[in-house]
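Engineer: I'd like to ask you about the structure that follows.
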Amino acid sequence: MSKMYSYRLHNHPLERQSSKGQARFTRDELEEMTTFELRNICYKERLVEGIAGTLDREELIRTILKFRGMQHTLRIEHYRKGGFERIVSVLGRYLNAQKPDHGSIRVPARIVLYQGIRLGLLDNYVIEAGPGLGENVLLVNDNGELCGILNVKGQEDEPGKYLLTAPSHWEYRMTANQNYSLYFTRRQDSDYLYHAYYSDRPLIPANLHYYRVPVAELEIRIPEPTDTVLAIDFGTSNTTAGAYLGSGYGQALQPEDHGLRNQDRLFGQNTPYRKRDEINYVVFPNVTDKQEQWLELLPTLAAAADCADADNVRMVYGYDALAYIQRNGHNSRATVFRGMKRWVNDYERTEELMDAAGNTAYLSRGDILKGYMSYVVETAEQQFKCRFTHLHISSPVKLKTQFLDMFTRMLPEYKIETEDALDEGMSVLYNTIADQIDKGTYVDGEEYQALVIDCGGGTTDLSSCRFSIHEGRISYGLDIHTSYENGDTNFGGNNITYRIMQWMKIVFAEWYSGQQRRIDMDALIDIPGAELFRYVDEYGIRAVYEGMEARYLEAEKIIPTKYRDYEQRSRDEYQRVRGNFYFLWAMADQMKQEFFRKTGILRSRFHDDSEMTMDSDIKITRVDRWFLSVAEPDGRLRNEYRPPDVVFNIREINQLIKADIYEIVRKFLDEFYQDGRLQDFSIIKLTGQSCRIDVFREALKEFVPGRSIEFRQKTKENSQVPDLKLACLRGAIRYLNAKKIGMIKPVLTNETPAIPYSVTAYTHTRQEMTLIRSLERGQTFGNVSRPQHTTEIEFLVWADDGSLRHRYVYKGWADSFRPVVYEEIEEMYGAYIIQDETDSISNGETKFFVFAGEQRWGFNIVPVMRDNEQLYVADRQFFAFENDLSELDFFDGTK
């Protein structure tokens, strides 16, 4: 390979270098660094004053700012009540000195602003000006009326060029006079406007200088509502969104607004644009890297950025949250939420938040999720310049009803698609069906069978489907029968990240223990790759990893990560151990993505300087501010600022995760293989980011020929997002559009799922009765009796591997009893409560009928009692099989 990849361990601010190679820093960034990092900056930047003497922390900061200081930004970006009026007052009194610009400030001839929609890089309004330009820009009409406040952001790699920006919550005041000008100021005058906007106290008088630059054509628009459906694939690790921009999209938009203003490279980036009559994916700016990238996925992540005002908590989401974590360090006290998809059955719980400064506040999980989804929608509205009112949100097949209920309650301002809502597996499958229709590779009326394996960030699900395509006179007829077959709530992409983290922690512990040596993977898993699958079959998965788990426990003594064990220790120790975990987790996740995204990357290592390598197969990983707390023999924690000189390679990672992946595939397909049903499936579809790993295909070949597996590793042009991740979103969009235009007439049937749980209860003689049997479609209901005076009864939920998952204590039904006749019970629950069972109820007896929750992933309990020959029925209560989407929480402080 001729291309060399470099990914380095670095002190983040050093990336921002001018053409002369000098880095620039703000005081806020320096105050977040350790003394060691400050001295390292002085060394690398050759600041003699910083390394010649033994300066304290504050003196080091002053020295760096003296020679490498960068002006702190004071942009008016966050709304403050009364701020706009204060700016109007300041302009009336102090804006007196207009200065001629002599054409030195150049603005676009035409600017279109949308009420309530962000202005940013996608709009590509570039200002050209000299240095010292203030970052706050005023929009003023010819009558001197203030109509809006904008910002400009300079680009380090493009001196003299600024990007015109504005947040989404800004309001532009529309006036009778629509001849607009932009008022630019010097930096000190811009800072004065900033303080005037946010200060409740009057400022000292000032004489403000400004440059008035008329805009040839500036239009303020109210975004047009659209009936186009915005589809969102809400994932455990990442979220994607998109829409088909067809006839229902933006009828009032002018032709020149259908595409972005400039398709050329802007600040080193290929900017996306809108295309008519095509699927358009929402792109999100990855601000965690200097070379800002636009990606079609957004990390499912939220962080508390500012809790100073408990009634106005500021959260950041996705890449902004990642950048916030990097800026404040992994041992910051700021609250970070990962795996928010797991909240579906408990989204009303209140969470305590803390920002990096230690301020606390409280928000419900529902409010946090609503903020995240609103951010996704706002980004889509900025890109597509319209108001979305209709959303389709994909959900796991087993929790489809719960997800739709949650989002319908959480987002009442939007119409959430329920009638034509597709689950994730069905969305992926329809994408395949649509391909067959487009290519004509189907036989009219023939029935096809398909298996869909969806390995996401936190869970893995297996669904089956029978479908046929009929060429009707006016549309394609689709007859689709789907069924949930099996799943593992404890295996997903996060499990792979955790395995890599375990491996890294063991290697680093060996290095930091003073032995300065590199443990080999064969010392932990000494089973040859060719024999690994047979070994799992014979001895089980635990036997493969028992040696590694033992070494991981030993590594905990050197690099502690189980921060829950430190809750009774000092705050400093707790934060440092917690920081260890999240630091290692972030590195493991990055390594996983790099190994399985670029096939040319075979090795990876870490470093903290800018040295280069000529080996094209190695990834030099520069990690933001390397910092680990290593335990001394006496229990004290010491700081390590230098990474170990070790290299990780793809062979070791494959050997590490191979048994885990084979075990999940074997769990799903072995029964199908043994009874011969696997040969009936003409399509086996893999989806989810984790399925792009080649080991999945290798494991599947143990059961089915490779030609039967749809395994798309490719990515679309100019995208780093694999096709597997976008398959779910694309399938949902294609289905909604095909039905909208009348191309298809689908009949969807969700068959009774195979439930991988059993529900039992004990009789008075302590005999355990099975009421719902695991993975059997036949026995999905049962009953158990108790005396009338019983006030509580316990039900046990067992996984198909025999482990106890939940103990539910059912109580509080007595007050809801009402007299009925059997015909009323039959009308409500006739499929589960037959008359023979109610006729056998004796006086003083209560019979508890238990049955699976139909479209809800859980079971229902309905008590029926007889008293003085009269039947009584109580309200139905629902209990979820899984309290969380995934039972295994990697972020609970015990790993």
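Scheme for the structure tokens: letters A, B, ... for chains in order shown; per-chain residue numbers from 1; ligand numbers from 1 in order shown.
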Determine which residues of stretch 70-290 of chain A DSSP labels as strand (DSSP E) from the backbone of this structure, then write them out as a ChimeraX atom specification.
Structural biologist: /A:95-98,110-114,126-128,136-141,146-155,158-165,180-185,208-214,217-221,225-226,230-233,238-244,265-266,269-270,279-281,284-286
Engineer: Could those residues be written to a file, using C-alpha atoms, as a PDB file, in the first residue's frame?
Structural biologist:
ATOM      1  CA  LEU A  95     -22.416  52.489  18.267  1.00  0.00           C
ATOM      2  CA  ASN A  96     -21.187  55.765  16.886  1.00  0.00           C
ATOM      3  CA  ALA A  97     -17.926  55.187  15.016  1.00  0.00           C
ATOM      4  CA  GLN A  98     -18.422  53.657  11.583  1.00  0.00           C
ATOM      5  CA  ARG A 110     -26.925  36.207  -1.332  1.00  0.00           C
ATOM      6  CA  ILE A 111     -27.694  34.868   2.137  1.00  0.00           C
ATOM      7  CA  VAL A 112     -30.813  32.938   3.187  1.00  0.00           C
ATOM      8  CA  LEU A 113     -31.572  32.616   6.917  1.00  0.00           C
ATOM      9  CA  TYR A 114     -34.220  30.274   8.312  1.00  0.00           C
ATOM     10  CA  VAL A 126     -17.736  32.314   3.927  1.00  0.00           C
ATOM     11  CA  ILE A 127     -16.583  35.771   5.001  1.00  0.00           C
ATOM     12  CA  GLU A 128     -13.188  37.021   3.843  1.00  0.00           C
ATOM     13  CA  ASN A 136     -20.149  38.590  17.000  1.00  0.00           C
ATOM     14  CA  VAL A 137     -21.843  40.043  13.919  1.00  0.00           C
ATOM     15  CA  LEU A 138     -25.009  42.154  13.940  1.00  0.00           C
ATOM     16  CA  LEU A 139     -27.740  41.986  11.306  1.00  0.00           C
ATOM     17  CA  VAL A 140     -29.196  45.494  10.901  1.00  0.00           C
ATOM     18  CA  ASN A 141     -31.637  46.986   8.375  1.00  0.00           C
ATOM     19  CA  LEU A 146     -31.356  45.172  14.993  1.00  0.00           C
ATOM     20  CA  CYS A 147     -32.761  42.064  13.264  1.00  0.00           C
ATOM     21  CA  GLY A 148     -30.423  39.332  14.466  1.00  0.00           C
ATOM     22  CA  ILE A 149     -27.105  38.316  16.022  1.00  0.00           C
ATOM     23  CA  LEU A 150     -24.733  36.051  14.092  1.00  0.00           C
ATOM     24  CA  ASN A 151     -21.240  34.671  14.687  1.00  0.00           C
ATOM     25  CA  VAL A 152     -18.129  34.183  12.608  1.00  0.00           C
ATOM     26  CA  LYS A 153     -15.656  31.384  13.250  1.00  0.00           C
ATOM     27  CA  GLY A 154     -12.138  31.633  11.884  1.00  0.00           C
ATOM     28  CA  GLN A 155     -10.375  28.619  10.433  1.00  0.00           C
ATOM     29  CA  GLU A 158      -7.524  29.079   6.097  1.00  0.00           C
ATOM     30  CA  PRO A 159      -6.237  32.437   7.457  1.00  0.00           C
ATOM     31  CA  GLY A 160      -8.481  35.355   6.558  1.00  0.00           C
ATOM     32  CA  LYS A 161     -11.567  33.180   6.040  1.00  0.00           C
ATOM     33  CA  TYR A 162     -14.456  32.995   8.474  1.00  0.00           C
ATOM     34  CA  LEU A 163     -17.605  30.909   8.517  1.00  0.00           C
ATOM     35  CA  LEU A 164     -20.933  32.628   9.220  1.00  0.00           C
ATOM     36  CA  THR A 165     -22.834  30.678  11.923  1.00  0.00           C
ATOM     37  CA  TYR A 180     -29.895  44.410   5.370  1.00  0.00           C
ATOM     38  CA  SER A 181     -26.287  45.000   6.313  1.00  0.00           C
ATOM     39  CA  LEU A 182     -23.836  43.069   8.453  1.00  0.00           C
ATOM     40  CA  TYR A 183     -22.081  45.064  11.153  1.00  0.00           C
ATOM     41  CA  PHE A 184     -18.600  43.715  11.898  1.00  0.00           C
ATOM     42  CA  THR A 185     -16.578  44.928  14.877  1.00  0.00           C
ATOM     43  CA  LEU A 208     -17.900  51.090  19.593  1.00  0.00           C
ATOM     44  CA  HIS A 209     -16.313  50.909  16.149  1.00  0.00           C
ATOM     45  CA  TYR A 210     -17.945  48.941  13.381  1.00  0.00           C
ATOM     46  CA  TYR A 211     -17.732  48.139   9.699  1.00  0.00           C
ATOM     47  CA  ARG A 212     -21.003  48.223   7.774  1.00  0.00           C
ATOM     48  CA  VAL A 213     -21.128  45.803   4.826  1.00  0.00           C
ATOM     49  CA  PRO A 214     -24.408  45.728   2.851  1.00  0.00           C
ATOM     50  CA  GLU A 217     -29.716  39.952  -1.226  1.00  0.00           C
ATOM     51  CA  LEU A 218     -30.574  38.645   2.242  1.00  0.00           C
ATOM     52  CA  GLU A 219     -33.782  36.771   2.890  1.00  0.00           C
ATOM     53  CA  ILE A 220     -35.263  35.604   6.175  1.00  0.00           C
ATOM     54  CA  ARG A 221     -37.540  32.608   5.678  1.00  0.00           C
ATOM     55  CA  PRO A 225     -43.400  22.107   6.998  1.00  0.00           C
ATOM     56  CA  THR A 226     -43.068  18.936   4.951  1.00  0.00           C
ATOM     57  CA  LEU A 230     -37.697  11.627   8.628  1.00  0.00           C
ATOM     58  CA  ALA A 231     -36.555   8.084   9.411  1.00  0.00           C
ATOM     59  CA  ILE A 232     -34.298   7.552  12.430  1.00  0.00           C
ATOM     60  CA  ASP A 233     -32.429   4.366  13.301  1.00  0.00           C
ATOM     61  CA  ASN A 238     -24.713   5.074  17.017  1.00  0.00           C
ATOM     62  CA  THR A 239     -27.788   6.635  15.437  1.00  0.00           C
ATOM     63  CA  THR A 240     -28.501   7.379  11.778  1.00  0.00           C
ATOM     64  CA  ALA A 241     -31.235   9.404  10.073  1.00  0.00           C
ATOM     65  CA  GLY A 242     -32.397  10.194   6.560  1.00  0.00           C
ATOM     66  CA  ALA A 243     -35.308  10.894   4.258  1.00  0.00           C
ATOM     67  CA  TYR A 244     -36.421  10.401   0.675  1.00  0.00           C
ATOM     68  CA  ARG A 265     -13.949  21.722  -0.913  1.00  0.00           C
ATOM     69  CA  LEU A 266     -14.622  24.007   2.019  1.00  0.00           C
ATOM     70  CA  GLN A 269     -13.981  19.145   3.559  1.00  0.00           C
ATOM     71  CA  ASN A 270     -16.364  17.669   1.006  1.00  0.00           C
ATOM     72  CA  ILE A 279     -32.484   8.940  -0.301  1.00  0.00           C
ATOM     73  CA  ASN A 280     -30.555  11.620   1.580  1.00  0.00           C
ATOM     74  CA  TYR A 281     -28.707  10.761   4.775  1.00  0.00           C
ATOM     75  CA  PHE A 284     -23.196  15.075  11.520  1.00  0.00           C
ATOM     76  CA  PRO A 285     -19.960  17.023  12.062  1.00  0.00           C
ATOM     77  CA  ASN A 286     -17.319  14.995  13.890  1.00  0.00           C
TER      78      ASN A 286
END
Engineer: Need to verify the contact set: stretch 559-561 of chain A, 12 Å, only C-alpha atoms, exclusion of same-chain residues closer than 2 positions in sequence. Can you return it as a PyMOL selection string?
Structural biologist: chain A and resi 331+501-502+504-513+552-557+563-566+573-585+627-633+635-640+890-895
Engineer: Please, could you write that set of residues out with C-alpha atoms as a PDB file, in the first residue's frame?
Structural biologist:
ATOM      1  CA  ASN A 331     -11.497  11.449  34.946  1.00  0.00           C
ATOM      2  CA  MET A 501     -10.120  -3.353  26.670  1.00  0.00           C
ATOM      3  CA  GLN A 502      -9.333  -6.418  28.796  1.00  0.00           C
ATOM      4  CA  MET A 504      -5.074  -3.754  26.543  1.00  0.00           C
ATOM      5  CA  LYS A 505      -5.336  -3.538  30.326  1.00  0.00           C
ATOM      6  CA  ILE A 506      -3.436  -6.823  30.762  1.00  0.00           C
ATOM      7  CA  VAL A 507      -0.695  -5.681  28.368  1.00  0.00           C
ATOM      8  CA  PHE A 508      -0.369  -2.246  29.994  1.00  0.00           C
ATOM      9  CA  ALA A 509      -0.339  -3.743  33.489  1.00  0.00           C
ATOM     10  CA  GLU A 510       2.527  -6.021  32.505  1.00  0.00           C
ATOM     11  CA  TRP A 511       4.441  -3.030  31.180  1.00  0.00           C
ATOM     12  CA  TYR A 512       3.808  -0.702  34.118  1.00  0.00           C
ATOM     13  CA  SER A 513       4.579  -3.389  36.685  1.00  0.00           C
ATOM     14  CA  TYR A 552      -7.532  -9.543  34.048  1.00  0.00           C
ATOM     15  CA  LEU A 553      -8.226  -9.849  37.768  1.00  0.00           C
ATOM     16  CA  GLU A 554      -4.486  -9.673  38.412  1.00  0.00           C
ATOM     17  CA  ALA A 555      -4.212  -6.591  36.191  1.00  0.00           C
ATOM     18  CA  GLU A 556      -6.861  -4.892  38.364  1.00  0.00           C
ATOM     19  CA  LYS A 557      -4.253  -4.747  41.134  1.00  0.00           C
ATOM     20  CA  TYR A 563     -14.588   2.285  40.352  1.00  0.00           C
ATOM     21  CA  ARG A 564     -17.628   1.024  42.235  1.00  0.00           C
ATOM     22  CA  ASP A 565     -15.184  -0.596  44.685  1.00  0.00           C
ATOM     23  CA  TYR A 566     -13.808   2.892  45.361  1.00  0.00           C
ATOM     24  CA  GLU A 573      -9.119   7.962  44.086  1.00  0.00           C
ATOM     25  CA  TYR A 574     -12.643   7.315  42.837  1.00  0.00           C
ATOM     26  CA  GLN A 575     -12.277   9.799  39.976  1.00  0.00           C
ATOM     27  CA  ARG A 576      -8.889   8.432  38.959  1.00  0.00           C
ATOM     28  CA  VAL A 577     -10.079   4.806  38.845  1.00  0.00           C
ATOM     29  CA  ARG A 578     -13.210   5.845  36.981  1.00  0.00           C
ATOM     30  CA  GLY A 579     -10.989   7.778  34.578  1.00  0.00           C
ATOM     31  CA  ASN A 580      -8.896   4.624  34.020  1.00  0.00           C
ATOM     32  CA  PHE A 581     -11.954   2.705  32.872  1.00  0.00           C
ATOM     33  CA  TYR A 582     -13.284   5.322  30.458  1.00  0.00           C
ATOM     34  CA  PHE A 583      -9.809   6.087  29.110  1.00  0.00           C
ATOM     35  CA  LEU A 584      -9.148   2.418  28.319  1.00  0.00           C
ATOM     36  CA  TRP A 585     -12.680   1.948  26.990  1.00  0.00           C
ATOM     37  CA  PHE A 627      -3.060   9.566  31.637  1.00  0.00           C
ATOM     38  CA  LEU A 628      -3.398   6.370  33.662  1.00  0.00           C
ATOM     39  CA  SER A 629      -3.373   5.880  37.421  1.00  0.00           C
ATOM     40  CA  VAL A 630      -1.215   2.895  38.352  1.00  0.00           C
ATOM     41  CA  ALA A 631      -1.393   1.295  41.809  1.00  0.00           C
ATOM     42  CA  GLU A 632       1.758   1.008  43.891  1.00  0.00           C
ATOM     43  CA  PRO A 633       2.313  -2.018  46.197  1.00  0.00           C
ATOM     44  CA  GLY A 635      -2.091   0.974  47.482  1.00  0.00           C
ATOM     45  CA  ARG A 636      -1.245   4.526  46.467  1.00  0.00           C
ATOM     46  CA  LEU A 637      -1.924   5.618  42.874  1.00  0.00           C
ATOM     47  CA  ARG A 638       0.845   7.074  40.760  1.00  0.00           C
ATOM     48  CA  ASN A 639       0.472   8.945  37.495  1.00  0.00           C
ATOM     49  CA  GLU A 640       1.660   7.580  34.172  1.00  0.00           C
ATOM     50  CA  PHE A 890     -20.489  -2.279  30.951  1.00  0.00           C
ATOM     51  CA  PHE A 891     -20.651   1.139  32.595  1.00  0.00           C
ATOM     52  CA  ASP A 892     -21.805   0.158  36.081  1.00  0.00           C
ATOM     53  CA  GLY A 893     -18.332   0.396  37.629  1.00  0.00           C
ATOM     54  CA  THR A 894     -17.802  -3.350  38.103  1.00  0.00           C
ATOM     55  CA  LYS A 895     -15.714  -4.074  34.977  1.00  0.00           C
TER      56      LYS A 895
END
Engineer: Rounded to one decimal place, report the atom CA of A:Met354-atom CA of A:Arg569 distance in Å.
Structural biologist: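 So the answer is 19.4 Å.
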Engineer: From the set A:Gly477, A:Pro205, A:Gly130, A:Gly676, which residue has the shortest atom-to-atom contact distance to A:Val747, counting only C-alpha atoms?
Structural biologist: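 The shortest atom-to-atom distance to A:Val747 comes from A:Gly477.
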Engineer: If we count only C-alpha atoms and set the cut-off at 10 Å, which residues sit around A:Gly235, ignoring sequence neighbours fewer than 4 positions away in its own chain? Please answer as a list in words.
Structural biologist: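 Once the adjacent positions are removed, what remains is Thr239, Thr240, Leu297, Leu298, Pro299, Thr300, Gly339, Met340, Lys341, Arg342, Ser394, Ser395, Pro396, Glu424, Gly456, Gly457, Gly458, Gly688 and Lys725 of chain A.
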Engineer: Could you write out the selected residues, including C-alpha atoms, as a PDB file, in the first residue's frame?
Structural biologist:
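Final file, result_25.pdb:
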ATOM      1  CA  THR A 239     -27.788   6.635  15.437  1.00  0.00           C
ATOM      2  CA  THR A 240     -28.501   7.379  11.778  1.00  0.00           C
ATOM      3  CA  LEU A 297     -23.851   8.367  12.061  1.00  0.00           C
ATOM      4  CA  LEU A 298     -24.038  10.088  15.426  1.00  0.00           C
ATOM      5  CA  PRO A 299     -22.787   8.485  18.666  1.00  0.00           C
ATOM      6  CA  THR A 300     -25.680   7.714  21.012  1.00  0.00           C
ATOM      7  CA  GLY A 339     -26.426   3.129  26.074  1.00  0.00           C
ATOM      8  CA  MET A 340     -29.528   5.335  26.370  1.00  0.00           C
ATOM      9  CA  LYS A 341     -31.450   2.854  24.249  1.00  0.00           C
ATOM     10  CA  ARG A 342     -31.559   0.592  27.303  1.00  0.00           C
ATOM     11  CA  SER A 394     -36.912   1.945  14.064  1.00  0.00           C
ATOM     12  CA  SER A 395     -36.960  -0.317  17.104  1.00  0.00           C
ATOM     13  CA  PRO A 396     -35.945  -3.863  18.063  1.00  0.00           C
ATOM     14  CA  GLU A 424     -35.094  -3.141  12.699  1.00  0.00           C
ATOM     15  CA  GLY A 456     -25.826  -4.076  17.317  1.00  0.00           C
ATOM     16  CA  GLY A 457     -23.937  -2.245  20.004  1.00  0.00           C
ATOM     17  CA  GLY A 458     -25.589  -3.934  22.967  1.00  0.00           C
ATOM     18  CA  GLY A 688     -25.469  -4.048  12.433  1.00  0.00           C
ATOM     19  CA  LYS A 725     -25.093   0.166   9.420  1.00  0.00           C
TER      20      LYS A 725
END
Engineer: For A:Asp520, find every residue with an atom within 12 Å (counting only C-alpha atoms), except residues of its own chain fewer than 6 positions away, and show them as a list in words.
Structural biologist: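 After dropping sequence-adjacent residues, the list is Trp503, Met504, Ile506, Val507, Glu510, Asp526, Met548, Val646, Val647, Phe648, Asn649, Arg651, Glu652, Ile653, Gln655 and Leu656 of chain A.
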Engineer: List every residue of stretch 674-888 of chain A that DSSP, applied to the backbone of this structure, assigns to alpha helix (DSSP H), and report them as a ChimeraX atom specification.
Structural biologist: /A:674,694-700,723-740,822-829,835-839
Engineer: Quick one: write out the picked residues with N, CA and C atoms as a CSV table (one decimal), in the first residue's frame?
Structural biologist:
chain,number,residue,atom,x,y,z
A,674,GLN,N,-29.2,-28.5,13.2
A,674,GLN,CA,-29.4,-29.9,13.6
A,674,GLN,C,-30.7,-30.5,13.0
A,694,ASP,N,-15.0,-9.8,9.8
A,694,ASP,CA,-14.9,-11.0,9.0
A,694,ASP,C,-15.0,-12.3,9.8
A,695,VAL,N,-14.7,-12.3,11.1
A,695,VAL,CA,-14.9,-13.5,11.9
A,695,VAL,C,-16.3,-13.9,11.9
A,696,PHE,N,-17.3,-13.0,11.7
A,696,PHE,CA,-18.7,-13.4,11.6
A,696,PHE,C,-18.9,-14.3,10.5
A,697,ARG,N,-18.4,-13.9,9.3
A,697,ARG,CA,-18.6,-14.8,8.1
A,697,ARG,C,-17.9,-16.1,8.3
A,698,GLU,N,-16.7,-16.1,8.9
A,698,GLU,CA,-16.0,-17.4,9.2
A,698,GLU,C,-16.8,-18.3,10.1
A,699,ALA,N,-17.4,-17.7,11.1
A,699,ALA,CA,-18.2,-18.6,12.0
A,699,ALA,C,-19.5,-19.1,11.3
A,700,LEU,N,-20.1,-18.3,10.5
A,700,LEU,CA,-21.3,-18.7,9.8
A,700,LEU,C,-21.0,-19.8,8.8
A,723,ASP,N,-22.0,-0.1,4.8
A,723,ASP,CA,-23.3,-0.4,4.3
A,723,ASP,C,-24.2,-1.1,5.3
A,724,LEU,N,-23.6,-2.0,6.1
A,724,LEU,CA,-24.4,-2.7,7.1
A,724,LEU,C,-25.1,-1.8,8.1
A,725,LYS,N,-24.5,-0.7,8.5
A,725,LYS,CA,-25.1,0.2,9.4
A,725,LYS,C,-26.3,0.9,8.8
A,726,LEU,N,-26.2,1.2,7.5
A,726,LEU,CA,-27.2,2.0,6.9
A,726,LEU,C,-28.3,1.2,6.3
A,727,ALA,N,-28.2,-0.2,6.3
A,727,ALA,CA,-29.2,-1.0,5.7
A,727,ALA,C,-30.6,-0.9,6.4
A,728,CYS,N,-30.6,-0.8,7.7
A,728,CYS,CA,-31.8,-0.6,8.4
A,728,CYS,C,-32.5,0.7,8.1
A,729,LEU,N,-31.8,1.7,8.1
A,729,LEU,CA,-32.3,3.1,7.8
A,729,LEU,C,-32.8,3.1,6.3
A,730,ARG,N,-32.0,2.6,5.4
A,730,ARG,CA,-32.4,2.6,4.0
A,730,ARG,C,-33.6,1.8,3.7
A,731,GLY,N,-33.7,0.6,4.4
A,731,GLY,CA,-34.9,-0.2,4.2
A,731,GLY,C,-36.2,0.5,4.7
A,732,ALA,N,-36.2,1.2,5.8
A,732,ALA,CA,-37.3,1.9,6.3
A,732,ALA,C,-37.7,3.0,5.4
A,733,ILE,N,-36.8,3.7,4.9
A,733,ILE,CA,-37.1,4.8,4.0
A,733,ILE,C,-37.7,4.3,2.7
A,734,ARG,N,-37.1,3.3,2.1
A,734,ARG,CA,-37.6,2.7,0.9
A,734,ARG,C,-39.0,2.2,1.1
A,735,TYR,N,-39.3,1.5,2.2
A,735,TYR,CA,-40.6,1.0,2.4
A,735,TYR,C,-41.7,2.1,2.5
A,736,LEU,N,-41.4,3.1,3.3
A,736,LEU,CA,-42.3,4.2,3.5
A,736,LEU,C,-42.6,4.9,2.2
A,737,ASN,N,-41.6,5.1,1.4
A,737,ASN,CA,-41.8,5.8,0.1
A,737,ASN,C,-42.5,5.0,-0.9
A,738,ALA,N,-42.2,3.7,-0.9
A,738,ALA,CA,-42.9,2.8,-1.9
A,738,ALA,C,-44.3,2.7,-1.6
A,739,LYS,N,-44.7,2.6,-0.3
A,739,LYS,CA,-46.1,2.6,0.1
A,739,LYS,C,-46.8,3.9,-0.2
A,740,LYS,N,-46.1,5.0,0.0
A,740,LYS,CA,-46.6,6.3,-0.2
A,740,LYS,C,-47.0,6.5,-1.6
A,822,TYR,N,-68.4,-14.9,32.6
A,822,TYR,CA,-67.3,-15.4,31.8
A,822,TYR,C,-67.3,-14.7,30.4
A,823,GLU,N,-68.5,-14.4,29.9
A,823,GLU,CA,-68.5,-13.8,28.5
A,823,GLU,C,-67.7,-12.5,28.4
A,824,GLU,N,-67.7,-11.8,29.5
A,824,GLU,CA,-66.8,-10.6,29.5
A,824,GLU,C,-65.4,-10.9,29.5
A,825,ILE,N,-65.0,-11.9,30.3
A,825,ILE,CA,-63.6,-12.4,30.3
A,825,ILE,C,-63.2,-12.9,29.0
A,826,GLU,N,-64.1,-13.7,28.3
A,826,GLU,CA,-63.8,-14.2,27.0
A,826,GLU,C,-63.6,-13.1,26.0
A,827,GLU,N,-64.3,-12.0,26.1
A,827,GLU,CA,-64.2,-10.9,25.1
A,827,GLU,C,-62.8,-10.3,25.3
A,828,MET,N,-62.3,-10.2,26.5
A,828,MET,CA,-61.0,-9.6,26.8
A,828,MET,C,-59.8,-10.5,26.6
A,829,TYR,N,-60.0,-11.7,27.1
A,829,TYR,CA,-58.8,-12.6,27.2
A,829,TYR,C,-59.2,-14.1,26.7
A,835,GLN,N,-63.1,-21.2,29.5
A,835,GLN,CA,-64.2,-21.3,30.5
A,835,GLN,C,-63.9,-22.5,31.4
A,836,ASP,N,-63.3,-23.5,30.9
A,836,ASP,CA,-63.1,-24.7,31.8
A,836,ASP,C,-62.2,-24.2,33.0
A,837,GLU,N,-61.2,-23.3,32.8
A,837,GLU,CA,-60.4,-22.9,33.8
A,837,GLU,C,-61.1,-22.0,34.8
A,838,THR,N,-62.0,-21.2,34.4
A,838,THR,CA,-62.8,-20.3,35.3
A,838,THR,C,-63.8,-21.1,36.0
A,839,ASP,N,-64.4,-22.1,35.4
A,839,ASP,CA,-65.5,-22.9,36.0
A,839,ASP,C,-64.9,-23.7,37.2
Engineer: Find, counting only C-alpha atoms, the residue in A:Ala323, A:Met769, A:Ile416, A:Ile368 that gets nearest to A:Leu391.
Structural biologist: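 The closest residue to A:Leu391 is A:Ile416.
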